[in-house]
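Undergrad: Sending over final_18.txt (compact mmCIF, C-alpha atoms).
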```
# COMPACT_ATOMS: atom_id res chain seq x y z
CA MET G 24 5.01 -25.30 -9.83
CA PHE G 25 8.48 -24.62 -8.43
CA CYS G 26 10.01 -22.24 -5.90
CA ILE G 27 12.47 -19.35 -5.90
CA CYS G 28 14.53 -19.63 -2.75
CA HIS G 29 15.73 -16.54 -0.91
CA GLY G 30 17.30 -16.95 2.48
CA GLU G 31 15.24 -19.15 4.74
CA SER G 32 11.96 -18.67 2.90
CA SER G 33 10.75 -19.38 -0.59
CA VAL G 34 8.15 -17.89 -2.91
CA SER G 35 5.93 -20.14 -4.97
CA VAL G 36 5.98 -19.34 -8.67
CA GLY G 37 2.42 -19.33 -9.85
CA LEU G 38 -0.20 -16.65 -10.21
CA LEU G 39 -0.12 -13.76 -7.77
CA GLN G 40 -2.89 -14.47 -5.32
CA GLU G 41 -5.94 -12.26 -4.87
CA ALA G 42 -6.46 -11.19 -1.26
CA SER G 43 -9.68 -11.30 0.65
CA VAL G 44 -11.11 -8.03 1.90
CA HIS G 45 -9.97 -7.35 5.47
CA PRO G 46 -12.40 -5.74 7.90
CA GLY G 47 -10.84 -3.28 10.28
CA GLN G 48 -11.02 0.10 11.89
CA ILE G 49 -9.17 3.37 11.55
CA LEU G 50 -6.17 3.22 13.82
CA LEU G 51 -5.56 6.83 14.71
CA PRO G 52 -8.21 8.27 17.05
CA ALA G 53 -8.79 11.98 16.48
CA HIS G 54 -7.98 12.88 20.06
CA GLN G 55 -4.46 11.48 19.61
CA VAL G 56 -3.66 13.74 16.64
CA PRO G 57 -2.58 17.37 17.08
CA VAL G 58 -5.34 19.56 15.60
CA LEU G 59 -3.10 21.18 12.98
CA LEU G 60 -1.97 17.77 11.69
CA LEU G 61 -5.31 16.01 11.78
CA ALA G 62 -6.31 16.37 8.15
CA GLY G 63 -3.02 15.13 6.69
CA SER G 64 -2.55 12.28 9.16
CA VAL G 65 -6.05 10.87 8.91
CA ARG G 66 -6.16 11.34 5.16
CA GLY G 67 -2.98 9.32 4.65
CA GLU G 68 -4.14 6.57 6.95
CA LEU G 69 -7.69 6.52 5.60
CA ASP G 70 -6.33 6.11 2.09
CA SER G 71 -4.03 3.20 2.98
CA CYS G 72 -6.52 1.41 5.22
CA ASP G 73 -9.37 1.83 2.73
CA LYS G 74 -7.25 0.23 0.00
CA TYR G 75 -6.15 -2.50 2.41
CA ARG G 76 -9.73 -3.37 3.38
CA ARG G 77 -10.72 -3.48 -0.29
CA GLY G 78 -7.88 -5.92 -1.03
CA ILE G 79 -5.96 -3.52 -3.27
CA ILE G 80 -2.79 -3.33 -1.17
CA ASP G 81 -1.15 -5.36 1.59
CA GLY G 82 2.10 -5.30 3.51
CA SER G 83 3.77 -6.16 6.77
CA ALA G 84 2.40 -3.04 8.49
CA CYS G 85 -1.19 -3.07 7.17
CA SER G 86 -2.76 -5.22 9.88
CA SER G 87 -1.05 -3.25 12.65
CA LEU G 88 -2.02 0.06 11.05
CA CYS G 89 -5.62 -0.74 10.20
CA GLU G 90 -6.79 -3.50 12.56
CA LYS G 91 -4.67 -4.10 15.65
CA ASP G 92 -4.15 -0.52 16.87
CA THR G 93 -0.41 -1.09 17.35
CA LEU G 94 1.05 1.32 14.77
CA TYR G 95 0.68 5.01 15.56
CA LEU G 96 1.48 8.18 13.67
CA GLY G 97 2.94 10.96 15.82
CA LYS G 98 4.61 14.30 15.15
CA CYS G 99 4.65 15.66 11.59
CA PHE G 100 8.11 16.61 10.29
CA THR G 101 7.22 18.12 6.91
CA ALA G 102 4.59 20.40 5.43
CA LYS G 103 4.88 19.02 1.89
CA PRO G 104 1.35 18.06 0.77
CA ASN G 105 2.39 15.08 -1.37
CA SER G 106 5.15 13.59 0.79
CA GLN G 107 4.53 13.51 4.50
CA VAL G 108 6.88 12.35 7.24
CA TYR G 109 5.83 11.46 10.80
CA SER G 110 7.37 10.02 13.90
CA GLY G 111 5.79 6.67 14.61
CA SER G 112 5.64 3.80 17.04
CA TRP G 113 4.91 0.18 16.24
CA GLY G 114 4.72 -1.90 19.36
CA ASP G 115 8.15 -1.54 20.94
CA LEU G 116 9.69 -0.06 17.78
CA GLU G 117 10.24 3.65 17.25
CA GLY G 118 10.61 4.89 13.72
CA ILE G 119 9.80 7.35 10.97
CA ILE G 120 6.67 6.86 8.85
CA LYS G 121 6.62 8.22 5.32
CA CYS G 122 3.69 8.35 2.94
CA GLN G 123 3.45 9.77 -0.55
CA MET G 124 -0.17 10.95 -0.28
CA GLU G 125 -1.32 9.83 -3.75
CA ALA G 126 1.85 10.72 -5.66
CA THR G 127 5.33 9.29 -6.15
CA PRO G 128 8.46 11.07 -7.40
CA HIS G 129 9.96 10.12 -10.75
CA TYR G 130 13.32 11.52 -11.72
CA ASP G 131 12.22 13.34 -14.84
CA LEU G 132 14.00 16.68 -14.53
CA GLY G 133 11.80 18.48 -17.03
CA ASN G 134 11.94 22.20 -17.61
CA GLU G 135 12.08 23.07 -13.92
CA MET G 136 14.53 20.35 -12.84
CA GLU G 137 12.01 18.96 -10.35
CA PRO G 138 10.78 15.40 -9.82
CA ARG G 139 7.63 14.75 -11.82
CA LYS G 140 4.59 13.55 -9.88
CA GLU G 141 2.32 10.76 -11.06
CA ALA G 142 -0.72 9.37 -9.31
CA VAL G 143 -0.36 6.01 -7.58
CA SER G 144 -3.15 3.76 -8.77
CA PHE G 145 -1.78 0.40 -7.52
CA SER G 146 -2.81 -1.01 -10.90
CA LYS G 147 0.43 -2.94 -11.48
CA PRO G 148 0.96 -5.81 -11.64
CA THR G 149 -2.40 -6.75 -13.13
CA LYS G 150 -4.59 -9.66 -12.10
CA GLY G 151 -3.31 -12.94 -13.55
CA THR G 152 0.37 -11.92 -13.46
CA SER G 153 2.63 -14.81 -12.48
CA VAL G 154 5.43 -14.45 -9.96
CA GLU G 155 7.94 -15.07 -12.74
CA LYS G 156 6.39 -12.27 -14.80
CA PHE G 157 6.49 -10.00 -11.74
CA ARG G 158 10.14 -10.87 -11.25
CA GLU G 159 10.76 -9.90 -14.88
CA MET G 160 8.96 -6.57 -14.28
CA ILE G 161 11.21 -5.93 -11.27
CA LEU G 162 14.37 -6.79 -13.23
CA ASN G 163 13.44 -4.48 -16.11
CA HIS G 164 12.60 -1.67 -13.69
CA LEU G 165 15.89 -2.06 -11.82
CA LYS G 166 17.81 -2.19 -15.10
CA ALA G 167 16.17 1.08 -16.18
CA LYS G 168 17.06 2.67 -12.82
CA VAL G 169 20.65 1.56 -12.23
CA GLY G 170 21.81 0.15 -15.58
CA ASP G 171 22.47 -3.41 -16.69
CA GLN G 172 24.39 -4.69 -13.65
CA ALA G 173 25.50 -8.33 -13.51
CA ASN G 174 23.94 -9.02 -10.10
CA LEU G 175 20.52 -7.44 -10.62
CA PRO G 176 18.88 -10.89 -10.37
CA ASP G 177 20.11 -11.03 -6.75
CA LEU G 178 18.50 -7.67 -6.04
CA ALA G 179 15.27 -8.81 -7.69
CA THR G 180 15.24 -11.86 -5.41
CA GLN G 181 15.62 -9.58 -2.40
CA VAL G 182 12.67 -7.51 -3.62
CA LEU G 183 10.55 -10.67 -3.88
CA SER G 184 11.55 -11.61 -0.35
CA ILE G 185 10.34 -8.23 0.94
CA THR G 186 7.17 -8.54 -1.13
CA ASP G 187 6.16 -11.71 0.73
CA ALA G 188 5.33 -9.55 3.72
CA ASN G 189 3.62 -12.22 5.83
CA LYS G 190 6.29 -14.82 4.99
CA ASP G 191 3.75 -17.46 4.01
CA GLY G 192 5.77 -18.54 0.95
CA HIS G 193 3.30 -16.95 -1.48
CA ILE G 194 3.08 -13.49 -3.03
CA SER G 195 -0.41 -12.03 -3.18
CA LEU G 196 -1.48 -9.47 -5.77
CA PRO G 197 -1.94 -6.74 -3.10
CA GLU G 198 1.56 -7.45 -1.73
CA ALA G 199 3.01 -7.19 -5.24
CA ARG G 200 1.19 -3.92 -5.94
CA SER G 201 2.49 -2.40 -2.72
CA THR G 202 6.08 -3.37 -3.50
CA TRP G 203 5.79 -2.10 -7.06
CA ALA G 204 4.65 1.31 -5.73
CA LEU G 205 7.56 1.39 -3.28
CA LEU G 206 10.04 0.54 -6.03
CA GLN G 207 9.17 3.84 -7.73
CA LEU G 208 10.56 5.69 -4.68
CA ASN G 209 14.25 6.49 -4.82
CA GLU G 210 14.70 6.21 -1.05
CA PHE G 211 13.30 2.67 -1.09
CA LEU G 212 15.58 1.73 -3.99
CA LEU G 213 18.63 3.10 -2.19
CA ALA G 214 17.68 1.28 1.02
CA LEU G 215 17.60 -1.96 -1.00
CA VAL G 216 20.95 -1.27 -2.65
CA LEU G 217 22.65 -0.40 0.65
CA GLN G 218 20.76 -2.78 2.95
CA ASP G 219 23.93 -4.67 3.88
CA ARG G 220 25.64 -1.44 4.87
CA GLU G 221 25.03 0.71 7.93
CA HIS G 222 24.32 4.00 6.18
CA THR G 223 20.60 3.70 5.49
CA PRO G 224 17.91 3.20 8.16
CA LYS G 225 16.33 -0.25 8.06
CA LEU G 226 12.89 -0.72 6.51
CA LEU G 227 10.63 -1.86 9.37
CA GLY G 228 7.41 -2.36 7.44
CA PHE G 229 5.05 -1.01 4.80
CA CYS G 230 1.42 -0.81 3.72
CA GLY G 231 0.96 0.27 0.13
CA ASP G 232 3.37 3.17 -0.40
CA LEU G 233 3.26 4.09 3.29
CA TYR G 234 6.39 2.73 4.95
CA MET G 235 8.19 2.88 8.28
CA MET G 236 11.94 3.26 8.63
CA GLU G 237 14.20 2.81 11.64
CA LYS G 238 14.44 5.95 13.79
CA VAL G 239 17.66 7.95 13.57
CA PRO G 240 18.03 9.58 17.00
CA HIS G 241 20.36 12.44 16.05
CA SER G 242 19.63 14.75 13.12
CA PRO G 243 20.55 16.86 11.30
CA LEU G 244 24.26 16.11 11.11
CA TYR G 245 24.96 19.53 12.61
CA GLY G 246 23.33 22.93 12.89
CA ILE G 247 20.65 24.66 14.92
CA SER G 248 17.27 26.00 13.87
CA LEU G 249 16.55 29.68 14.43
CA PRO G 250 13.51 31.86 13.70
CA TRP G 251 13.89 33.46 10.28
CA ILE G 252 13.70 36.97 11.76
CA ILE G 253 16.90 36.21 13.70
CA GLU G 254 18.50 34.20 10.89
CA VAL G 255 18.59 37.12 8.43
CA TRP G 256 20.67 39.27 10.80
CA ILE G 257 23.40 36.71 11.53
CA PRO G 258 26.60 36.98 9.43
CA ALA G 259 27.53 33.83 7.52
CA GLY G 260 30.77 33.31 9.46
CA LEU G 261 29.01 33.52 12.82
CA ARG G 262 26.26 31.22 11.53
CA ARG G 263 28.83 28.55 10.63
CA SER G 264 30.31 28.79 14.12
CA MET G 265 26.88 28.50 15.72
CA ASP G 266 26.17 25.37 13.70
CA GLN G 267 29.12 23.67 15.41
CA TRP G 268 28.09 24.53 18.98
CA PHE G 269 26.01 21.40 19.50
CA THR G 270 28.12 18.73 17.80
CA PRO G 271 29.64 15.58 19.37
CA SER G 272 33.23 15.33 20.59
CA TRP G 273 35.89 15.38 17.86
CA PRO G 274 36.55 11.58 17.93
CA HIS G 275 32.81 11.01 17.45
CA LYS G 276 32.75 13.55 14.62
CA ALA G 277 35.68 11.71 13.04
CA LYS G 278 33.75 8.43 13.10
CA ILE G 279 30.66 10.09 11.59
CA SER G 280 32.85 11.68 8.90
CA ILE G 281 34.34 8.30 8.04
CA GLY G 282 30.77 7.07 7.62
CA LEU G 283 30.09 9.78 5.03
CA LEU G 284 33.29 8.89 3.17
CA GLU G 285 32.25 5.22 3.21
CA LEU G 286 28.83 6.19 1.84
CA VAL G 287 30.58 7.94 -1.04
CA GLU G 288 32.44 4.68 -1.72
CA ASP G 289 29.25 2.63 -1.53
CA VAL G 290 27.26 4.73 -4.01
CA PHE G 291 30.11 5.06 -6.53
CA HIS G 292 30.42 1.97 -8.71
CA GLY G 293 28.80 -0.03 -5.94
CA THR G 294 27.28 -3.48 -6.10
CA PHE G 295 24.26 -2.24 -8.03
CA GLY G 296 25.59 0.70 -10.05
CA SER G 297 26.51 4.30 -9.36
CA PHE G 298 24.46 6.99 -7.63
CA LEU G 299 24.95 10.75 -7.56
CA MET G 300 24.60 12.69 -4.31
CA CYS G 301 22.73 15.82 -5.34
CA ASP G 302 22.15 17.32 -1.88
CA VAL G 303 25.10 16.84 0.44
CA SER G 304 23.85 19.11 3.23
CA ALA G 305 23.68 18.58 6.98
CA ASN G 306 19.90 18.12 6.82
CA THR G 307 20.31 15.06 4.60
CA PHE G 308 22.21 13.09 7.26
CA GLY G 309 22.01 12.09 10.90
CA TYR G 310 23.64 9.52 13.14
CA ASN G 311 22.75 6.94 15.76
CA ASP G 312 23.95 6.50 19.34
CA ARG G 313 27.02 4.58 18.09
CA HIS G 314 27.84 7.57 15.85
CA ASP G 315 27.21 5.65 12.64
CA LEU G 316 26.20 7.97 9.80
CA LYS G 317 22.64 7.52 8.49
CA VAL G 318 20.99 8.96 5.39
CA MET G 319 17.89 10.85 6.53
CA ASP G 320 16.57 11.92 3.13
CA ALA G 321 17.56 9.98 0.03
CA GLN G 322 15.37 11.90 -2.41
CA TYR G 323 18.39 13.52 -4.05
CA ILE G 324 20.67 10.48 -4.10
CA VAL G 325 19.78 9.43 -7.63
CA PRO G 326 20.93 6.67 -9.99
CA GLU G 327 23.58 8.11 -12.27
CA ALA G 328 22.06 6.45 -15.35
CA ILE G 329 18.66 8.08 -14.73
CA PHE G 330 20.24 11.46 -14.00
CA GLN G 331 22.29 11.43 -17.20
CA GLU G 332 19.37 10.28 -19.33
CA ASN G 333 17.17 13.12 -18.10
CA ILE G 334 19.74 15.91 -17.89
CA ARG G 335 20.61 15.41 -21.57
CA GLN G 336 17.05 16.46 -22.42
CA GLN G 337 17.21 19.64 -20.32
CA ARG G 338 17.26 22.84 -22.38
CA CYS G 339 19.70 25.51 -21.16
CA ASN G 340 21.22 28.91 -21.78
CA THR G 341 23.71 28.89 -18.91
CA ASP G 342 25.30 26.27 -16.69
CA GLU G 343 22.92 27.28 -13.88
CA ASP G 344 20.06 25.80 -15.94
CA CYS G 345 21.74 22.40 -15.53
CA LEU G 346 21.43 22.11 -11.75
CA TYR G 347 19.55 19.30 -10.01
CA GLY G 348 19.04 19.45 -6.28
CA ALA G 349 21.62 21.63 -4.56
CA ASP G 350 24.80 19.94 -5.78
CA CYS G 351 24.47 18.16 -9.14
CA LEU G 352 25.59 20.67 -11.75
CA THR G 353 26.59 19.93 -15.33
CA SER G 354 27.60 22.37 -18.08
CA CYS G 355 25.47 23.83 -20.85
CA ASP G 356 26.43 23.00 -24.44
CA LEU G 357 25.61 26.33 -26.09
CA THR G 358 25.83 24.86 -29.60
CA LYS G 359 22.84 22.64 -28.82
CA HIS G 360 21.37 24.49 -25.83
CA ARG G 361 21.27 21.19 -23.98
CA CYS G 362 22.88 20.14 -20.72
CA THR G 363 25.84 17.79 -20.85
CA PRO G 364 25.53 14.53 -18.83
CA GLU G 365 28.69 14.71 -16.69
CA VAL G 366 28.54 16.48 -13.32
CA THR G 367 31.24 19.10 -12.72
CA ARG G 368 32.06 17.86 -9.20
CA PRO G 369 32.22 14.25 -7.96
CA ASN G 370 30.42 13.06 -4.83
CA LEU G 371 33.65 13.05 -2.83
CA ALA G 372 34.34 16.77 -3.39
CA LYS G 373 30.83 17.64 -2.22
CA ALA G 374 31.16 15.41 0.86
CA CYS G 375 34.47 17.04 1.81
CA GLU G 376 32.89 20.48 1.41
CA ALA G 377 30.13 19.48 3.81
CA LEU G 378 32.66 18.12 6.33
CA LYS G 379 35.15 21.01 6.15
CA TYR G 380 34.01 23.12 9.11
CA TYR G 381 32.52 20.13 10.93
CA ILE G 382 35.69 18.05 11.20
CA LEU G 383 38.29 20.84 11.33
CA LYS G 384 36.71 22.52 14.36
CA GLY G 385 38.25 20.98 17.46
CA ALA G 386 40.66 18.75 15.50
CA PRO G 387 43.75 17.70 17.51
CA SER G 388 46.77 19.88 16.78
CA ASP G 389 48.87 16.96 15.53
CA VAL G 390 46.43 16.20 12.68
CA SER G 391 44.70 19.51 11.98
CA GLU G 392 47.23 20.81 9.42
CA GLU G 393 47.38 17.55 7.42
CA LEU G 394 43.62 17.14 7.68
CA GLU G 395 43.01 20.63 6.32
CA LYS G 396 45.45 20.00 3.47
CA GLN G 397 43.75 16.76 2.49
CA LEU G 398 40.24 18.24 2.76
CA TYR G 399 41.08 21.13 0.45
CA ALA G 400 42.69 18.74 -2.06
CA CYS G 401 39.46 16.76 -1.92
CA ILE G 402 37.24 19.82 -2.34
CA ALA G 403 39.28 20.81 -5.42
CA LEU G 404 38.39 17.61 -7.30
CA LYS G 405 36.64 18.40 -10.58
CA GLY G 406 35.09 16.47 -13.42
CA SER G 407 33.71 12.96 -13.49
CA VAL G 408 35.23 10.30 -11.29
CA GLU G 409 35.99 8.13 -14.32
CA GLN G 410 38.47 10.78 -15.48
CA MET G 411 40.30 10.82 -12.15
CA GLU G 412 39.52 7.52 -10.51
CA ILE G 413 43.03 6.92 -9.14
CA GLU G 414 43.28 10.41 -7.62
CA HIS G 415 39.74 10.10 -6.22
CA SER G 416 40.52 6.76 -4.54
CA LEU G 417 43.85 8.00 -3.20
CA ILE G 418 42.36 11.11 -1.57
CA LEU G 419 39.43 9.16 -0.10
CA ASN G 420 41.65 6.44 1.36
CA ASN G 421 44.14 8.97 2.73
CA LEU G 422 41.36 10.86 4.53
CA LYS G 423 39.86 7.71 6.02
CA THR G 424 43.30 6.46 7.12
CA LEU G 425 44.18 9.78 8.76
CA LEU G 426 40.93 9.84 10.75
CA TRP G 427 41.02 6.15 11.70
CA LYS G 428 44.61 6.36 12.93
CA LYS G 429 43.66 9.16 15.27
CA ILE G 430 40.64 7.41 16.80
CA SER G 431 41.38 3.68 16.37
CA HIS G 432 43.00 3.40 19.80
CA THR G 433 40.04 5.05 21.55
CA LYS G 434 36.70 3.65 22.64
CA ASP G 435 35.08 6.10 20.21
CA SER G 436 36.06 3.93 17.24
```
In structure tokens, write the structure found in this file.
TA:
Amino acid sequence: MFCICHGESSVSVGLLQEASVHPGQILLPAHQVPVLLLAGSVRGELDSCDKYRRGIIDGSACSSLCEKDTLYLGKCFTAKPNSQVYSGSWGDLEGIIKCQMEATPHYDLGNEMEPRKEAVSFSKPTKGTSVEKFREMILNHLKAKVGDQANLPDLATQVLSITDANKDGHISLPEARSTWALLQLNEFLLALVLQDREHTPKLLGFCGDLYMMEKVPHSPLYGISLPWIIEVWIPAGLRRSMDQWFTPSWPHKAKISIGLLELVEDVFHGTFGSFLMCDVSANTFGYNDRHDLKVMDAQYIVPEAIFQENIRQQRCNTDEDCLYGADCLTSCDLTKHRCTPEVTRPNLAKACEALKYYILKGAPSDVSEELEKQLYACIALKGSVEQMEIEHSLILNNLKTLLWKKISHTKDS
């Protein structure tokens, strides 16, 4: 018996330990749930707490959710039946609770370019699996997701650290099964990859594949919601102007924009491989009170290796058949009627497109002309980044430098 050290704690390498069945009660009283949300909320919690009491899953949030009455689900933010998002409170912490409701997304684009759903059975790892074998499972899974990166063992060690939810130095089988389910979720994977950066909300706790993330106080990045009956009558130009009515001051917008440019840097050839940003819309991002950019929905920030593997199998007749999310488009090879693997626009071009109206509106007169020039040069980028890496880096650095110079002497920086 020996130990894998990670930070200040260590995990014993032996067999994953079976957990005893935990008695407990359902946390969320019916009178605290809005009537329209009752079925979804209680169903998600019943499912997690039932599995917790039967010793199938465990995690840092299970006891608070199912026994101590200290973790509460609040307002529902989505109507999707298989992926529900709630506001939540856990003691003094405010956050966002997400649960997959019996299904997890896998990035198999298929005929309809949509994530495939598979039932979560919490059957892996199996009883008798050693911690070393579990570590090997994690490594192989990460390699399949992000490619054969040199420092994947470091990421696997971080996963093991999270798995030991109660920090007792041992990994139980229910803890391992919960982490394995979470690893199938792209948002969880991205949070791991970018955990040392400021762009993803922190993971506060989990129970099975239900997990709680740090609350992002300001979202979406910009825009206002209107009833659809009003929306259809508003011209596009006026709608763009309306979206900018309730945005922060320009120096704050500049700092948020720099955050998006830094995110582009982090997900391109980052520490653990490259990711593609396939939905660079305002709804995908928010920011905190310090005006640091935060990713609100990472579903469409996908590992490039997985995207390319699946898009190659996509049958097509036109380029439009080779679209994933809102922004990841490749071309159709009409000789084979298959999609090519390289996206037509790099992440940076899509980010600049999203920032165009946001950062140009209200820009100081002494930078507005140069800023507009650089943004349009950025938006014009085409092809894979590998083909234009120098130009890509030059444009990105020039934009960041221009914005930082303008705000670096202010308290807003």
Undergrad: For CA of Cys355 in chain G and CA of Ala328 in chain G, quote the distance in Å rounded to one decimal.
TA: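 So the two atoms, CA of Cys355 in chain G and CA of Ala328 in chain G, lie 18.5 Å apart.
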Undergrad: Compile the contact shell of Tyr399 in chain G as a PyMOL selection string: residues with an atom at most 12 Å away, counting all atoms listed in the file, same-chain residues fewer than 3 positions apart removed.
TA: chain G and resi 371-380+383+392-396+402-404+418+422
Undergrad: So, counting all atoms listed in the file, which residue among G:Ser110, G:Ser272, G:Ser264, G:Gln172 is closest to Pro240 in chain G?
TA: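 Smallest distance to Pro240 in chain G is found for G:Ser110.
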Undergrad: Using CA of Pro148 in chain G and CA of Ser71 in chain G as the two end points, give the distance in Å to one decimal.
TA: 17.9 Å
Undergrad: Each residue of range 285-403 of chain G with at least one atom at most 7 Å from range 197-210 of chain G should appear once, together with its nearest atom pair and the corresponding distance in Å (one decimal); atoms considered: only C-alpha atoms; ordering: chain, then increasing residue number; output as JSON lines.
TA:
```
{"residue": "G:Ala321", "atom": "CA", "partner": "G:Glu210", "partner_atom": "CA", "distance": 4.9}
{"residue": "G:Gln322", "atom": "CA", "partner": "G:Glu210", "partner_atom": "CA", "distance": 5.9}
{"residue": "G:Val325", "atom": "CA", "partner": "G:Asn209", "partner_atom": "CA", "distance": 6.9}
```
Undergrad: Let me make sure I understand: among G:Glu90, G:Asp177, G:Asp73, G:Glu365, which one has the smallest atom-to-atom distance to Gly231 in chain G if we use all atoms listed in the file?
TA: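 That would be G:Asp73, the residue with the smallest distance to Gly231 in chain G.
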Undergrad: Could you check the closest approach to His432 in chain G for each of G:Gly406, G:Pro250, G:Pro274, G:Gly282 and tell me which residue wins, using all atoms listed in the file?
TA: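 Once distances to His432 in chain G are computed over all atoms listed in the file, the minimum belongs to G:Pro274.
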Undergrad: Compile the contact shell of range 233-235 of chain G as a ChimeraX atom specification: residues with an atom at most 8 Å away, counting all atoms listed in the file, same-chain residues fewer than 3 positions apart removed.
TA: /G:71,84,111,118-123,226-230
Undergrad: Excluding Cys362 in chain G and residues on its chain fewer than 2 positions from it, collect all residues at most 7 Å away from it, counting only C-alpha atoms, and give them as a PyMOL selection string.
TA: chain G and resi 334-335+337-339+345+353-356+360+364
Undergrad: What's the 6 Å shell around range 307-318 of chain G, counting only C-alpha atoms, without same-chain residues fewer than 3 positions away, as a VMD selection string?
TA: chain G and resid 222 to 223 239 to 244 279 282 304
Undergrad: Between CA of Leu217 in chain G and CA of Gln397 in chain G, what distance in Å does the model show, to one decimal?
TA: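 One can read the CA of Leu217 in chain G to CA of Gln397 in chain G distance as 27.3 Å.
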Undergrad: I'd like the neighbourhood of Gln267 in chain G as a short mmCIF file (atom, residue, chain, number, x, y, z; two decimals) with C-alpha atoms, in the coordinates of the input, where a residue qualifies if any of its atoms comes within 9 Å (using all atoms listed in the file), though same-chain residues fewer than 2 positions away should be ignored.
TA:
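See around.cif below for the written result:
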```
data_model
loop_
_atom_site.label_atom_id
_atom_site.label_comp_id
_atom_site.auth_asym_id
_atom_site.auth_seq_id
_atom_site.Cartn_x
_atom_site.Cartn_y
_atom_site.Cartn_z
CA TYR G 245 24.96 19.53 12.61
CA GLY G 246 23.33 22.93 12.89
CA ILE G 247 20.65 24.66 14.92
CA ARG G 262 26.26 31.22 11.53
CA ARG G 263 28.83 28.55 10.63
CA SER G 264 30.31 28.79 14.12
CA MET G 265 26.88 28.50 15.72
CA PHE G 269 26.01 21.40 19.50
CA THR G 270 28.12 18.73 17.80
CA TYR G 380 34.01 23.12 9.11
CA TYR G 381 32.52 20.13 10.93
CA LYS G 384 36.71 22.52 14.36
#
```
